[in-house]
Every structure is written in C-alpha cells, then in structure tokens.
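Trainee: Provided herewith: model-v2.cif, mmCIF, C-alpha atoms.
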```
data_input
loop_
_atom_site.group_PDB
_atom_site.id
_atom_site.type_symbol
_atom_site.label_atom_id
_atom_site.label_comp_id
_atom_site.auth_asym_id
_atom_site.auth_seq_id
_atom_site.Cartn_x
_atom_site.Cartn_y
_atom_site.Cartn_z
ATOM 1 C CA MET D 419 -1.408 22.268 18.732
ATOM 2 C CA ASP D 420 -0.098 24.713 16.182
ATOM 3 C CA VAL D 421 0.115 24.409 12.403
ATOM 4 C CA LEU D 422 3.637 22.955 12.418
ATOM 5 C CA ASP D 423 2.593 20.112 14.734
ATOM 6 C CA ALA D 424 -0.429 19.333 12.553
ATOM 7 C CA LEU D 425 1.741 19.230 9.414
ATOM 8 C CA ARG D 426 4.238 16.954 11.161
ATOM 9 C CA TYR D 427 1.404 14.641 12.281
ATOM 10 C CA PHE D 428 -0.155 14.358 8.819
ATOM 11 C CA GLY D 429 3.256 13.979 7.178
ATOM 12 C CA ALA D 430 4.100 11.059 9.484
ATOM 13 C CA LEU D 431 0.695 9.495 8.804
ATOM 14 C CA ALA D 432 1.205 9.793 5.041
ATOM 15 C CA LEU D 433 4.689 8.246 5.323
ATOM 16 C CA VAL D 434 3.406 5.257 7.320
ATOM 17 C CA LEU D 435 0.512 4.682 4.902
ATOM 18 C CA ALA D 436 2.902 4.866 1.928
ATOM 19 C CA LEU D 437 5.219 2.300 3.537
ATOM 20 C CA VAL D 438 2.337 -0.084 4.272
ATOM 21 C CA GLY D 439 1.004 0.303 0.722
ATOM 22 C CA GLY D 440 4.455 -0.261 -0.772
ATOM 23 C CA ALA D 441 4.932 -3.399 1.318
ATOM 24 C CA GLY D 442 1.533 -4.688 0.164
ATOM 25 C CA LEU D 443 2.392 -4.095 -3.486
ATOM 26 C CA ALA D 444 5.756 -5.829 -3.058
ATOM 27 C CA VAL D 445 4.105 -8.886 -1.486
ATOM 28 C CA ARG D 446 1.519 -9.023 -4.253
ATOM 29 C CA ARG D 447 4.115 -8.703 -7.008
ATOM 30 C CA TYR D 448 6.926 -10.897 -5.674
ATOM 31 C CA GLY D 449 4.960 -13.074 -3.253
ATOM 32 C CA LEU D 450 6.074 -14.776 -0.105
ATOM 33 C CA PRO D 451 6.150 -18.547 0.447
ATOM 34 C CA GLY D 452 2.864 -19.634 1.980
ATOM 35 C CA ILE D 453 1.071 -16.381 1.138
ATOM 36 C CA ALA D 454 -1.142 -15.855 -1.905
ATOM 37 C CA GLY D 455 0.628 -14.209 -4.798
ATOM 38 C CA GLY D 456 3.615 -16.518 -4.813
ATOM 39 C CA SER D 457 4.743 -18.023 -8.084
ATOM 40 C CA GLY D 458 4.659 -21.627 -6.839
ATOM 41 C CA ARG D 459 0.943 -22.200 -7.333
ATOM 42 C CA ARG D 460 -0.071 -25.780 -8.012
ATOM 43 C CA LEU D 461 -3.811 -25.286 -8.446
ATOM 44 C CA THR D 462 -5.526 -23.148 -11.086
ATOM 45 C CA VAL D 463 -9.118 -22.877 -12.256
ATOM 46 C CA VAL D 464 -9.012 -23.121 -16.043
ATOM 47 C CA GLU D 465 -12.702 -22.541 -16.776
ATOM 48 C CA THR D 466 -16.114 -22.512 -15.085
ATOM 49 C CA LEU D 467 -19.635 -22.941 -16.433
ATOM 50 C CA MET D 468 -22.984 -22.489 -14.710
ATOM 51 C CA LEU D 469 -25.162 -25.532 -15.378
ATOM 52 C CA GLY D 470 -28.158 -24.433 -13.366
ATOM 53 C CA LYS D 471 -29.186 -22.332 -10.409
ATOM 54 C CA ASN D 472 -27.125 -24.347 -7.913
ATOM 55 C CA HIS D 473 -24.822 -26.400 -10.141
ATOM 56 C CA ARG D 474 -21.478 -25.380 -11.578
ATOM 57 C CA LEU D 475 -18.884 -27.181 -13.722
ATOM 58 C CA PHE D 476 -15.173 -26.510 -13.147
ATOM 59 C CA ILE D 477 -12.061 -27.446 -15.073
ATOM 60 C CA VAL D 478 -9.213 -27.386 -12.559
ATOM 61 C CA ARG D 479 -5.506 -27.978 -13.271
ATOM 62 C CA CYS D 480 -3.387 -29.427 -10.462
ATOM 63 C CA ASP D 481 0.208 -30.630 -10.951
ATOM 64 C CA GLY D 482 -0.252 -30.963 -14.719
ATOM 65 C CA THR D 483 -3.525 -32.924 -14.497
ATOM 66 C CA GLU D 484 -6.875 -31.439 -15.474
ATOM 67 C CA HIS D 485 -9.897 -32.442 -13.416
ATOM 68 C CA VAL D 486 -13.524 -31.845 -14.403
ATOM 69 C CA LEU D 487 -15.633 -31.178 -11.290
ATOM 70 C CA VAL D 488 -19.345 -30.575 -10.772
ATOM 71 C CA THR D 489 -20.460 -28.789 -7.633
ATOM 72 C CA ALA D 490 -23.934 -28.783 -6.135
ATOM 73 C CA PRO D 491 -25.366 -27.908 -2.733
ATOM 74 C CA GLN D 492 -24.873 -31.557 -1.729
ATOM 75 C CA GLY D 493 -21.142 -31.508 -2.534
ATOM 76 C CA ALA D 494 -18.686 -31.937 -5.402
ATOM 77 C CA THR D 495 -18.061 -34.804 -7.828
ATOM 78 C CA VAL D 496 -15.015 -35.474 -10.004
ATOM 79 C CA LEU D 497 -16.219 -36.445 -13.488
ATOM 80 C CA SER D 498 -12.846 -37.049 -15.142
ATOM 81 C CA SER D 499 -9.123 -36.541 -14.778
ATOM 82 C CA THR D 500 -6.742 -36.300 -17.720
ATOM 83 C CA PRO D 501 -3.174 -35.113 -18.235
ATOM 84 C CA GLY D 502 -3.354 -31.392 -18.940
ATOM 85 C CA LYS D 503 -1.910 -29.499 -21.886
ATOM 86 C CA ARG D 504 1.611 -28.192 -21.398
ATOM 87 C CA THR D 505 1.398 -24.413 -21.582
ATOM 88 C CA ASP D 506 4.843 -23.641 -20.168
ATOM 89 C CA VAL D 507 6.768 -24.890 -23.247
ATOM 90 C CA LEU D 508 7.783 -22.259 -25.784
ATOM 91 C CA ALA D 509 7.596 -23.357 -29.423
#
```
Please lay out the structure from this file as structure tokens.
Mentor:
Amino acid sequence: MDVLDALRYFGALALVLALVGGAGLAVRRYGLPGIAGGSGRRLTVVETLMLGKNHRLFIVRCDGTEHVLVTAPQGATVLSSTPGKRTDVLA
C-alpha cells in the first residue's frame, strides 16, 4: 500500500464519518416521528426534588395536565393532578 492508497482510505473514512455525524445532527434537530427529538412530545418533567435518600418528587406535565408524583423503591404514587399553566400562548 503506497501513500496515495492510504490517503484515499482515510479520506473515504472521514467522508463516511462526516455523513453519519451530519445525519445524527439532522435527526436531533428536526426529529423523526417515533424517535426522540421530535417536536410532538406530550410528556415533560417540569421540576424534580430529592426528598430523601431513596425518595424523589416530580412535577410532570402531560397533555396540559400537571401531575405531582413521588417515587420510592417500592414504586410511584400520584399525589395530585391539576390543569397545567399554558406556556404556549404569547401575550
């Protein structure tokens, strides 16, 4: 293998890696249906708080409703559910 073959090999490798990286950035930015990164997310974690070593409190928004959850090693419990604040309306 001479120098020209080595340069051609590394050039092709760099091109393939650049294409894979560009495709990954495009998927992350624009998203695909059914793949993380899409704009149609229904579930968001608004806030979390550690209550103890094994207990955590979550405020989760799903379809415009906020749920307060407590998780423990034994499982999770919903403490309350209320209509969430509308953050998509411009004043």
Trainee: For the atom pair atom CA of D:Ser499 and atom CA of D:Glu484, what is the interatomic distance in Å to one decimal place?
Mentor: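 Pair atom CA of D:Ser499 / atom CA of D:Glu484 returns 5.6 Å.
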Trainee: For this structure, which residues satisfy the selection - the PyMOL selection byres ((chain D and resi 458-466) around 8) - when it is evaluated on the file as given? I want them as a list of chain:residue names.
Mentor: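 Answer for the PyMOL selection byres ((chain D and resi 458-466) around 8): D:Gly456, D:Ser457, D:Leu467, D:Met468, D:Arg474, D:Leu475, D:Phe476, D:Ile477, D:Val478, D:Arg479, D:Cys480, D:Asp481.
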Trainee: Kindly give the distance, in Å, that separates atom CA of D:Pro501 and atom CA of D:Val486, rounded to a single decimal.
Mentor: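 One can read the atom CA of D:Pro501 to atom CA of D:Val486 distance as 11.5 Å.
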Trainee: To one decimal place in Å, what is the distance between atom CA of D:Thr489 and atom CA of D:Asn472?
Mentor: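 Distance reported for this atom pair: 8.0 Å.
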Trainee: May I have the protein, DNA and RNA residues with an atom at most 6 Å from (-15.7, -32.5, -12.4), counting only C-alpha atoms in the file's coordinates, returned as JSON, numbers by chain?
Mentor: {"D": [485, 486, 487, 488, 495, 496, 497]}
